[in-house]
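Data from model-v4.txt: compact mmCIF, N, CA and C atoms and all ligand atoms
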# COMPACT_ATOMS: atom_id res chain seq x y z
N MET B 1 -3.01 9.87 -29.93
CA MET B 1 -3.17 9.87 -28.48
C MET B 1 -4.58 10.30 -28.11
N LYS B 2 -5.10 9.63 -27.09
CA LYS B 2 -6.48 9.93 -26.68
C LYS B 2 -6.49 10.32 -25.19
N LEU B 3 -6.98 11.51 -24.90
CA LEU B 3 -6.99 12.00 -23.52
C LEU B 3 -8.42 12.28 -23.07
N LEU B 4 -8.66 12.01 -21.80
CA LEU B 4 -9.97 12.29 -21.20
C LEU B 4 -9.84 13.49 -20.26
N ILE B 5 -10.65 14.50 -20.50
CA ILE B 5 -10.69 15.65 -19.58
C ILE B 5 -11.94 15.49 -18.71
N ILE B 6 -11.74 15.50 -17.40
CA ILE B 6 -12.88 15.43 -16.47
C ILE B 6 -12.94 16.72 -15.67
N ASN B 7 -14.05 17.41 -15.76
CA ASN B 7 -14.28 18.60 -14.94
C ASN B 7 -15.35 18.30 -13.90
N GLY B 8 -15.09 18.72 -12.69
CA GLY B 8 -16.02 18.49 -11.59
C GLY B 8 -17.01 19.63 -11.40
N PRO B 9 -17.53 19.74 -10.18
CA PRO B 9 -18.67 20.63 -9.91
C PRO B 9 -18.40 22.10 -10.20
N ASN B 10 -19.42 22.72 -10.75
CA ASN B 10 -19.46 24.16 -11.05
C ASN B 10 -18.58 24.57 -12.23
N LEU B 11 -17.81 23.63 -12.77
CA LEU B 11 -16.95 24.00 -13.90
C LEU B 11 -17.75 24.09 -15.20
N ASN B 12 -18.99 23.61 -15.19
CA ASN B 12 -19.89 23.87 -16.31
C ASN B 12 -20.24 25.37 -16.38
N LEU B 13 -19.97 26.10 -15.31
CA LEU B 13 -20.30 27.54 -15.28
C LEU B 13 -19.10 28.42 -15.61
N LEU B 14 -18.00 27.82 -16.02
CA LEU B 14 -16.84 28.64 -16.42
C LEU B 14 -17.28 29.63 -17.49
N GLY B 15 -16.81 30.85 -17.37
CA GLY B 15 -17.21 31.88 -18.33
C GLY B 15 -18.17 32.87 -17.69
N SER B 16 -19.07 32.33 -16.84
CA SER B 16 -20.01 33.24 -16.17
C SER B 16 -19.78 33.24 -14.66
N ARG B 17 -19.13 32.20 -14.17
CA ARG B 17 -18.92 32.05 -12.74
C ARG B 17 -17.69 32.87 -12.29
N GLU B 18 -17.86 33.77 -11.34
CA GLU B 18 -16.75 34.55 -10.78
C GLU B 18 -15.65 34.83 -11.83
N PRO B 19 -15.98 35.59 -12.88
CA PRO B 19 -15.01 35.79 -13.97
C PRO B 19 -13.71 36.44 -13.51
N ASN B 20 -13.75 37.17 -12.41
CA ASN B 20 -12.51 37.77 -11.88
C ASN B 20 -11.52 36.69 -11.43
N ILE B 21 -12.03 35.51 -11.10
CA ILE B 21 -11.15 34.39 -10.67
C ILE B 21 -10.92 33.41 -11.83
N TYR B 22 -11.99 33.10 -12.55
CA TYR B 22 -11.91 32.00 -13.52
C TYR B 22 -11.89 32.46 -14.99
N GLY B 23 -12.00 33.79 -15.21
CA GLY B 23 -11.98 34.30 -16.58
C GLY B 23 -13.37 34.26 -17.20
N SER B 24 -13.44 34.75 -18.43
CA SER B 24 -14.77 34.92 -19.04
C SER B 24 -14.98 34.00 -20.25
N THR B 25 -14.10 33.01 -20.40
CA THR B 25 -14.29 32.04 -21.50
C THR B 25 -14.97 30.78 -20.98
N GLY B 26 -16.03 30.38 -21.66
CA GLY B 26 -16.72 29.15 -21.29
C GLY B 26 -15.88 27.93 -21.68
N PHE B 27 -16.08 26.81 -20.99
CA PHE B 27 -15.22 25.65 -21.29
C PHE B 27 -15.49 25.08 -22.67
N ASP B 28 -16.75 25.16 -23.12
CA ASP B 28 -17.06 24.61 -24.46
C ASP B 28 -16.27 25.35 -25.54
N THR B 29 -16.22 26.68 -25.42
CA THR B 29 -15.47 27.50 -26.37
C THR B 29 -13.99 27.14 -26.31
N TYR B 30 -13.48 27.03 -25.08
CA TYR B 30 -12.07 26.70 -24.89
C TYR B 30 -11.74 25.32 -25.45
N LEU B 31 -12.66 24.37 -25.21
CA LEU B 31 -12.44 23.00 -25.68
C LEU B 31 -12.34 22.96 -27.22
N GLU B 32 -13.19 23.75 -27.87
CA GLU B 32 -13.12 23.82 -29.35
C GLU B 32 -11.75 24.32 -29.79
N MET B 33 -11.24 25.34 -29.06
CA MET B 33 -9.91 25.87 -29.39
C MET B 33 -8.84 24.79 -29.18
N LEU B 34 -8.95 24.08 -28.06
CA LEU B 34 -7.99 23.01 -27.76
C LEU B 34 -8.03 21.95 -28.85
N GLN B 35 -9.28 21.56 -29.21
CA GLN B 35 -9.42 20.51 -30.23
C GLN B 35 -8.81 20.96 -31.54
N GLY B 36 -8.95 22.25 -31.85
CA GLY B 36 -8.36 22.82 -33.06
C GLY B 36 -6.84 22.77 -33.00
N SER B 37 -6.27 23.20 -31.85
CA SER B 37 -4.79 23.26 -31.81
C SER B 37 -4.13 21.89 -31.79
N TYR B 38 -4.79 20.91 -31.20
CA TYR B 38 -4.13 19.60 -31.07
C TYR B 38 -4.70 18.55 -32.03
N LYS B 39 -5.51 19.04 -32.98
CA LYS B 39 -6.30 18.16 -33.86
C LYS B 39 -5.56 16.93 -34.37
N SER B 40 -4.37 17.17 -34.94
CA SER B 40 -3.70 16.04 -35.58
C SER B 40 -3.00 15.13 -34.56
N MET B 41 -2.86 15.62 -33.33
CA MET B 41 -2.05 14.87 -32.35
C MET B 41 -2.86 14.20 -31.25
N VAL B 42 -3.97 14.83 -30.87
CA VAL B 42 -4.70 14.34 -29.68
C VAL B 42 -6.19 14.32 -29.94
N GLU B 43 -6.81 13.21 -29.53
CA GLU B 43 -8.27 13.19 -29.49
C GLU B 43 -8.68 13.49 -28.05
N LEU B 44 -9.49 14.54 -27.90
CA LEU B 44 -9.90 14.93 -26.54
C LEU B 44 -11.34 14.52 -26.30
N VAL B 45 -11.55 13.80 -25.22
CA VAL B 45 -12.91 13.41 -24.83
C VAL B 45 -13.22 14.17 -23.55
N TYR B 46 -14.39 14.79 -23.50
CA TYR B 46 -14.72 15.67 -22.37
C TYR B 46 -15.89 15.13 -21.56
N PHE B 47 -15.73 15.16 -20.25
CA PHE B 47 -16.81 14.77 -19.34
C PHE B 47 -16.88 15.77 -18.20
N GLN B 48 -18.08 16.26 -17.93
CA GLN B 48 -18.25 17.16 -16.77
C GLN B 48 -19.41 16.65 -15.93
N SER B 49 -19.22 16.69 -14.61
CA SER B 49 -20.32 16.33 -13.73
C SER B 49 -20.23 17.11 -12.43
N ASN B 50 -21.41 17.42 -11.91
CA ASN B 50 -21.46 18.06 -10.60
C ASN B 50 -21.62 17.02 -9.49
N VAL B 51 -21.62 15.75 -9.88
CA VAL B 51 -21.94 14.66 -8.95
C VAL B 51 -20.69 13.82 -8.67
N GLU B 52 -20.32 13.74 -7.42
CA GLU B 52 -19.09 13.03 -7.02
C GLU B 52 -19.05 11.60 -7.56
N GLY B 53 -20.15 10.85 -7.35
CA GLY B 53 -20.19 9.44 -7.76
C GLY B 53 -20.04 9.27 -9.27
N GLU B 54 -20.55 10.23 -10.04
CA GLU B 54 -20.42 10.13 -11.51
C GLU B 54 -18.97 10.31 -11.94
N ILE B 55 -18.25 11.16 -11.21
CA ILE B 55 -16.82 11.35 -11.53
C ILE B 55 -16.07 10.06 -11.20
N ILE B 56 -16.41 9.45 -10.09
CA ILE B 56 -15.77 8.18 -9.69
C ILE B 56 -16.09 7.10 -10.73
N ASN B 57 -17.36 7.02 -11.14
CA ASN B 57 -17.73 6.01 -12.15
C ASN B 57 -16.95 6.22 -13.45
N LYS B 58 -16.79 7.48 -13.85
CA LYS B 58 -16.06 7.78 -15.09
C LYS B 58 -14.60 7.34 -14.96
N LEU B 59 -14.01 7.58 -13.80
CA LEU B 59 -12.62 7.13 -13.58
C LEU B 59 -12.55 5.60 -13.64
N HIS B 60 -13.49 4.93 -13.00
CA HIS B 60 -13.51 3.45 -13.01
C HIS B 60 -13.64 2.91 -14.43
N GLU B 61 -14.48 3.57 -15.23
CA GLU B 61 -14.71 3.11 -16.62
C GLU B 61 -13.41 2.97 -17.39
N THR B 62 -12.43 3.83 -17.08
CA THR B 62 -11.18 3.79 -17.85
C THR B 62 -10.41 2.50 -17.60
N ASN B 63 -10.78 1.79 -16.55
CA ASN B 63 -10.13 0.51 -16.24
C ASN B 63 -10.90 -0.68 -16.84
N ASP B 64 -12.09 -0.39 -17.34
CA ASP B 64 -12.97 -1.45 -17.85
C ASP B 64 -12.52 -1.84 -19.26
N LYS B 65 -12.21 -3.10 -19.45
CA LYS B 65 -11.64 -3.50 -20.75
C LYS B 65 -12.65 -3.39 -21.88
N ASN B 66 -13.92 -3.28 -21.55
CA ASN B 66 -14.94 -3.12 -22.60
C ASN B 66 -15.25 -1.66 -22.92
N LYS B 67 -14.58 -0.74 -22.24
CA LYS B 67 -14.82 0.70 -22.48
C LYS B 67 -13.58 1.31 -23.11
N PRO B 68 -13.75 2.51 -23.74
CA PRO B 68 -12.60 3.13 -24.39
C PRO B 68 -11.43 3.34 -23.44
N LYS B 69 -10.24 3.18 -23.99
CA LYS B 69 -8.99 3.36 -23.23
C LYS B 69 -8.43 4.75 -23.51
N PHE B 70 -7.77 5.33 -22.52
CA PHE B 70 -7.16 6.65 -22.69
C PHE B 70 -5.68 6.59 -22.35
N ASP B 71 -4.91 7.48 -22.99
CA ASP B 71 -3.48 7.56 -22.69
C ASP B 71 -3.24 8.42 -21.46
N GLY B 72 -4.24 9.14 -21.04
CA GLY B 72 -4.09 9.96 -19.84
C GLY B 72 -5.40 10.64 -19.50
N ILE B 73 -5.47 11.10 -18.26
CA ILE B 73 -6.67 11.82 -17.79
C ILE B 73 -6.23 13.15 -17.22
N ILE B 74 -6.97 14.20 -17.58
CA ILE B 74 -6.74 15.53 -17.02
C ILE B 74 -7.94 15.82 -16.14
N LEU B 75 -7.71 15.98 -14.86
CA LEU B 75 -8.83 16.10 -13.91
C LEU B 75 -8.79 17.42 -13.17
N ASN B 76 -9.89 18.17 -13.28
CA ASN B 76 -10.13 19.31 -12.39
C ASN B 76 -11.34 18.92 -11.55
N ALA B 77 -11.10 18.50 -10.33
CA ALA B 77 -12.19 18.00 -9.49
C ALA B 77 -12.94 19.13 -8.79
N GLY B 78 -12.62 20.39 -9.14
CA GLY B 78 -13.31 21.52 -8.51
C GLY B 78 -13.18 21.42 -6.99
N ALA B 79 -14.24 21.77 -6.30
CA ALA B 79 -14.18 21.78 -4.83
C ALA B 79 -14.00 20.39 -4.22
N TYR B 80 -14.33 19.34 -5.00
CA TYR B 80 -14.09 17.97 -4.48
C TYR B 80 -12.60 17.71 -4.24
N THR B 81 -11.76 18.49 -4.92
CA THR B 81 -10.31 18.39 -4.70
C THR B 81 -9.98 18.45 -3.21
N HIS B 82 -10.72 19.31 -2.51
CA HIS B 82 -10.38 19.62 -1.12
C HIS B 82 -11.17 18.76 -0.12
N THR B 83 -12.05 17.90 -0.64
CA THR B 83 -12.93 17.16 0.28
C THR B 83 -13.01 15.66 0.00
N SER B 84 -12.73 15.24 -1.24
CA SER B 84 -13.15 13.89 -1.63
C SER B 84 -12.06 12.83 -1.55
N ILE B 85 -12.10 12.08 -0.48
CA ILE B 85 -11.20 10.92 -0.36
C ILE B 85 -11.64 9.86 -1.36
N ALA B 86 -12.94 9.82 -1.66
CA ALA B 86 -13.46 8.81 -2.59
C ALA B 86 -12.91 9.02 -4.00
N ILE B 87 -12.82 10.25 -4.47
CA ILE B 87 -12.24 10.49 -5.80
C ILE B 87 -10.74 10.19 -5.76
N ALA B 88 -10.08 10.59 -4.68
CA ALA B 88 -8.64 10.28 -4.55
C ALA B 88 -8.41 8.77 -4.62
N ASP B 89 -9.26 8.01 -3.94
CA ASP B 89 -9.12 6.54 -3.95
C ASP B 89 -9.35 5.99 -5.36
N ALA B 90 -10.30 6.59 -6.08
CA ALA B 90 -10.58 6.11 -7.45
C ALA B 90 -9.36 6.37 -8.35
N ILE B 91 -8.70 7.50 -8.17
CA ILE B 91 -7.48 7.79 -8.96
C ILE B 91 -6.42 6.73 -8.67
N ALA B 92 -6.29 6.39 -7.39
CA ALA B 92 -5.28 5.39 -7.01
C ALA B 92 -5.64 4.01 -7.55
N ALA B 93 -6.93 3.76 -7.76
CA ALA B 93 -7.38 2.41 -8.14
C ALA B 93 -7.25 2.13 -9.63
N ILE B 94 -7.09 3.16 -10.43
CA ILE B 94 -7.08 2.92 -11.89
C ILE B 94 -5.64 2.94 -12.42
N GLU B 95 -5.52 2.42 -13.65
CA GLU B 95 -4.17 2.33 -14.24
C GLU B 95 -3.75 3.61 -14.95
N THR B 96 -4.72 4.29 -15.55
CA THR B 96 -4.39 5.47 -16.37
C THR B 96 -3.86 6.60 -15.49
N LYS B 97 -2.80 7.25 -15.99
CA LYS B 97 -2.20 8.36 -15.24
C LYS B 97 -3.12 9.58 -15.24
N VAL B 98 -3.17 10.26 -14.12
CA VAL B 98 -4.02 11.45 -13.99
C VAL B 98 -3.15 12.66 -13.68
N VAL B 99 -3.40 13.76 -14.40
CA VAL B 99 -2.80 15.05 -14.07
C VAL B 99 -3.90 15.93 -13.48
N GLU B 100 -3.60 16.50 -12.33
CA GLU B 100 -4.55 17.39 -11.66
C GLU B 100 -4.37 18.80 -12.22
N VAL B 101 -5.47 19.46 -12.56
CA VAL B 101 -5.35 20.86 -12.99
C VAL B 101 -6.32 21.75 -12.21
N HIS B 102 -5.90 22.99 -12.07
CA HIS B 102 -6.79 24.03 -11.52
C HIS B 102 -6.60 25.30 -12.32
N VAL B 103 -7.71 25.96 -12.57
CA VAL B 103 -7.69 27.22 -13.32
C VAL B 103 -7.07 28.32 -12.45
N SER B 104 -7.54 28.42 -11.23
CA SER B 104 -7.07 29.48 -10.34
C SER B 104 -5.88 28.98 -9.52
N ASN B 105 -5.13 29.94 -8.99
CA ASN B 105 -4.03 29.58 -8.09
C ASN B 105 -4.62 29.34 -6.69
N VAL B 106 -4.91 28.08 -6.42
CA VAL B 106 -5.60 27.75 -5.17
C VAL B 106 -4.77 28.16 -3.94
N PHE B 107 -3.45 28.27 -4.11
CA PHE B 107 -2.59 28.64 -2.97
C PHE B 107 -2.66 30.13 -2.64
N ALA B 108 -3.21 30.90 -3.57
CA ALA B 108 -3.37 32.34 -3.32
C ALA B 108 -4.79 32.63 -2.80
N ARG B 109 -5.53 31.57 -2.50
CA ARG B 109 -6.93 31.74 -2.09
C ARG B 109 -7.14 31.24 -0.66
N GLU B 110 -8.37 30.97 -0.29
CA GLU B 110 -8.68 30.56 1.09
C GLU B 110 -7.85 29.33 1.49
N GLU B 111 -7.59 29.22 2.78
CA GLU B 111 -6.74 28.12 3.26
C GLU B 111 -7.31 26.73 2.94
N PHE B 112 -8.64 26.60 2.97
CA PHE B 112 -9.20 25.26 2.71
C PHE B 112 -8.90 24.78 1.29
N ARG B 113 -8.54 25.73 0.41
CA ARG B 113 -8.20 25.32 -0.97
C ARG B 113 -6.73 24.91 -1.09
N HIS B 114 -5.96 25.05 -0.01
CA HIS B 114 -4.54 24.70 -0.08
C HIS B 114 -4.32 23.19 0.03
N VAL B 115 -5.37 22.49 0.44
CA VAL B 115 -5.26 21.03 0.59
C VAL B 115 -5.90 20.35 -0.62
N SER B 116 -5.15 19.39 -1.20
CA SER B 116 -5.72 18.58 -2.27
C SER B 116 -5.58 17.11 -1.90
N PHE B 117 -6.71 16.42 -1.85
CA PHE B 117 -6.65 14.97 -1.63
C PHE B 117 -6.23 14.24 -2.91
N MET B 118 -6.28 14.97 -4.05
CA MET B 118 -5.98 14.35 -5.34
C MET B 118 -4.47 14.21 -5.58
N SER B 119 -3.70 15.25 -5.21
CA SER B 119 -2.32 15.41 -5.67
C SER B 119 -1.46 14.18 -5.49
N LYS B 120 -1.56 13.57 -4.31
CA LYS B 120 -0.70 12.43 -3.99
C LYS B 120 -0.86 11.28 -4.98
N ASN B 121 -2.05 11.15 -5.55
CA ASN B 121 -2.30 10.03 -6.46
C ASN B 121 -2.19 10.42 -7.94
N CYS B 122 -1.79 11.65 -8.19
CA CYS B 122 -1.65 12.13 -9.58
C CYS B 122 -0.17 12.18 -9.94
N VAL B 123 0.12 12.17 -11.27
CA VAL B 123 1.52 12.30 -11.68
C VAL B 123 2.04 13.69 -11.36
N GLY B 124 1.18 14.68 -11.42
CA GLY B 124 1.59 16.05 -11.12
C GLY B 124 0.37 16.94 -11.10
N SER B 125 0.61 18.20 -10.72
CA SER B 125 -0.49 19.16 -10.62
C SER B 125 -0.11 20.43 -11.34
N ILE B 126 -1.05 20.98 -12.10
CA ILE B 126 -0.80 22.23 -12.84
C ILE B 126 -1.85 23.22 -12.36
N ILE B 127 -1.37 24.27 -11.73
CA ILE B 127 -2.27 25.11 -10.93
C ILE B 127 -2.06 26.59 -11.25
N GLY B 128 -3.15 27.28 -11.56
CA GLY B 128 -3.10 28.74 -11.56
C GLY B 128 -2.79 29.40 -12.88
N PHE B 129 -2.80 28.67 -13.97
CA PHE B 129 -2.49 29.25 -15.28
C PHE B 129 -3.75 29.57 -16.08
N GLY B 130 -4.86 29.75 -15.38
CA GLY B 130 -6.12 29.96 -16.09
C GLY B 130 -6.45 28.71 -16.88
N LEU B 131 -7.20 28.89 -17.98
CA LEU B 131 -7.54 27.72 -18.79
C LEU B 131 -6.30 27.09 -19.42
N ARG B 132 -5.23 27.87 -19.52
CA ARG B 132 -3.97 27.30 -20.07
C ARG B 132 -3.47 26.11 -19.27
N SER B 133 -3.92 25.97 -18.02
CA SER B 133 -3.53 24.79 -17.22
C SER B 133 -3.84 23.50 -17.98
N TYR B 134 -4.94 23.50 -18.73
CA TYR B 134 -5.32 22.29 -19.48
C TYR B 134 -4.34 22.06 -20.65
N ASP B 135 -3.96 23.17 -21.34
CA ASP B 135 -2.95 23.04 -22.42
C ASP B 135 -1.67 22.40 -21.89
N LEU B 136 -1.25 22.90 -20.74
CA LEU B 136 0.02 22.44 -20.17
C LEU B 136 -0.07 20.96 -19.82
N ALA B 137 -1.24 20.54 -19.36
CA ALA B 137 -1.43 19.12 -19.02
C ALA B 137 -1.38 18.27 -20.30
N ILE B 138 -1.98 18.76 -21.37
CA ILE B 138 -1.92 18.03 -22.66
C ILE B 138 -0.47 17.91 -23.09
N ASP B 139 0.27 19.03 -22.98
CA ASP B 139 1.69 19.01 -23.37
C ASP B 139 2.46 17.95 -22.59
N TYR B 140 2.15 17.82 -21.31
CA TYR B 140 2.83 16.79 -20.51
C TYR B 140 2.63 15.42 -21.15
N PHE B 141 1.38 15.10 -21.47
CA PHE B 141 1.12 13.76 -22.02
C PHE B 141 1.75 13.60 -23.41
N LEU B 142 1.79 14.69 -24.17
CA LEU B 142 2.34 14.60 -25.53
C LEU B 142 3.83 14.37 -25.55
N LYS B 143 4.52 14.98 -24.54
CA LYS B 143 6.00 14.91 -24.61
C LYS B 143 6.50 13.82 -23.70
C1 LIG M 201 -10.83 25.06 -9.01
C2 LIG M 201 -10.38 25.50 -7.61
C3 LIG M 201 -11.32 24.94 -6.55
O1 LIG M 201 -10.91 25.38 -5.28
C4 LIG M 201 -12.72 25.43 -6.80
O2 LIG M 201 -13.61 24.86 -5.85
C5 LIG M 201 -13.20 25.17 -8.18
C6 LIG M 201 -12.28 25.41 -9.28
C7 LIG M 201 -9.98 25.72 -10.11
O3 LIG M 201 -9.98 25.20 -11.21
O4 LIG M 201 -9.38 26.77 -9.87
O5 LIG M 201 -14.35 24.85 -8.41
O6 LIG M 201 -10.65 23.65 -9.12
Show me this structure written as structure tokens.
Amino acid sequence: MKLLIINGPNLNLLGSREPNIYGSTGFDTYLEMLQGSYKSMVELVYFQSNVEGEIINKLHETNDKNKPKFDGIILNAGAYTHTSIAIADAIAAIETKVVEVHVSNVFAREEFRHVSFMSKNCVGSIIGFGLRSYDLAIDYFLK
């Protein structure tokens, strides 16, 4: 199985960014751990961008018959979750299933984080389990 993890803006700063909310592990370190635990079962491809259009292009690529195919996408769109109709439309436009993840419990935070334009177009959302949210999303695709 091959899964694509897409992280949006500021998630390149995981580990140093507001550690009281997001923890102190960087995503690269976490990804190595994930790759280790799922080695025989899942190939994980990672993409991070702070640019909305690049995230949309990456989602579109998964529909391109000349580009690699994935069995699923795990998307943490960061703050674009709460603002981007364009990313939501891109999720709706592609064939590959998307699971929305968030490290923090967005419902325990500011009200503007309670809205997700992504959720409606995703198979489900995994929210608030720290970096384990990504593990849980992988488990969904595996089972
Ligand atoms: C986040 C939650 C968003 O509200 C925030 O803007 C982020 C990270 C999370 O993973 O908890 O950048 O998506």
Problem - Expected selection as an MDAnalysis selection string for ligand LIG 201 (chain M) within 9 Å, only C-alpha atoms and all ligand atoms - result: chainID B and resid 7:11 21:22 76:82 101:106 109:110 112:114 127:128 130:131 133
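For the residues B:Ala90, B:Met33, B:Ile74, B:Val123, ranking by smallest atom-to-atom distance to B:Ile138 using only N, CA and C atoms places B:Ile74 first.
Between B:Ser125 and the candidates B:Arg17, B:Lys97, B:His60, B:Lys65, the tightest atom-to-atom separation, counting only C-alpha atoms, involves B:Lys97.
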Fill in the blank from the handout: re atom C of B:Ile126 and atom CA of B:Val99: distance 8.4 Å
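Across the model, the gap from atom CA of B:Leu31 to atom N of B:Ser119 is 23.6 Å.
Shortest separation to B:Val98 among B:Met1, B:Ile73, B:Ser24, B:Met118 occurs at residue B:Ile73, atoms counted being only N, CA and C atoms.
Atom N of B:Lys39 lies 28.6 Å from atom N of B:Ala92.
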First collect every listed atom of stretch 35-45 of chain B; then fit an axis-aligned box around them, widen it by 4 Å on each side, and give centre and edge lengths in Å to one decimal, as lines of an AutoDock Vina configuration file.
center_x = -7.6
center_y = 18.2
center_z = -29.6
size_x = 19.2
size_y = 18.1
size_z = 20.0
Exercise for the section: Skip B:Glu43 itself and residues of its chain fewer than 4 positions away, then list as a PyMOL selection string all residues within 10 Å of it, counting only C-alpha atoms. Expected result: chain B and resi 1-4+34-35+38-39+70
Exercise for the section: Using DSSP on the backbone, list every residue of chain B that comes out as strand (DSSP E), and give them as a PyMOL selection string. Expected result: chain B and resi 2-7+43-48+72-76+98-102+124-127
Problem - Neighbour list for B:Tyr46 as an MDAnalysis selection string, cut-off 5 Å, all atoms listed in the file, skip fewer than 2 positions in-chain - result: chainID B and resid 5 44 48
Handout entry: Those of chain B in DSSP alpha helix (DSSP H), formatted as a VMD selection string
Key = chain B and resid 19 to 22 27 to 37 52 to 61 85 to 93 132 to 142
Distance query B:Asp89 at most 9 Å, only C-alpha atoms, self and fewer than 4 positions along chain excluded, as a PDB file with N, CA and C atoms, in the frame of the given file:
ATOM      1  N   ILE B  56     -16.410   9.450 -10.090  1.00  0.00           N
ATOM      2  CA  ILE B  56     -15.770   8.180  -9.690  1.00  0.00           C
ATOM      3  C   ILE B  56     -16.090   7.100 -10.730  1.00  0.00           C
ATOM      4  N   SER B  84     -12.730  15.240  -1.240  1.00  0.00           N
ATOM      5  CA  SER B  84     -13.150  13.890  -1.630  1.00  0.00           C
ATOM      6  C   SER B  84     -12.060  12.830  -1.550  1.00  0.00           C
ATOM      7  N   ILE B  85     -12.100  12.080  -0.480  1.00  0.00           N
ATOM      8  CA  ILE B  85     -11.200  10.920  -0.360  1.00  0.00           C
ATOM      9  C   ILE B  85     -11.640   9.860  -1.360  1.00  0.00           C
ATOM     10  N   ALA B  93      -6.930   3.760  -7.760  1.00  0.00           N
ATOM     11  CA  ALA B  93      -7.380   2.410  -8.140  1.00  0.00           C
ATOM     12  C   ALA B  93      -7.250   2.130  -9.630  1.00  0.00           C
ATOM     13  N   ILE B  94      -7.090   3.160 -10.430  1.00  0.00           N
ATOM     14  CA  ILE B  94      -7.080   2.920 -11.890  1.00  0.00           C
ATOM     15  C   ILE B  94      -5.640   2.940 -12.420  1.00  0.00           C
ATOM     16  N   MET B 118      -6.280  14.970  -4.050  1.00  0.00           N
ATOM     17  CA  MET B 118      -5.980  14.350  -5.340  1.00  0.00           C
ATOM     18  C   MET B 118      -4.470  14.210  -5.580  1.00  0.00           C
ATOM     19  N   ASN B 121      -2.050  11.150  -5.550  1.00  0.00           N
ATOM     20  CA  ASN B 121      -2.300  10.030  -6.460  1.00  0.00           C
ATOM     21  C   ASN B 121      -2.190  10.420  -7.940  1.00  0.00           C
TER      22      ASN B 121
END
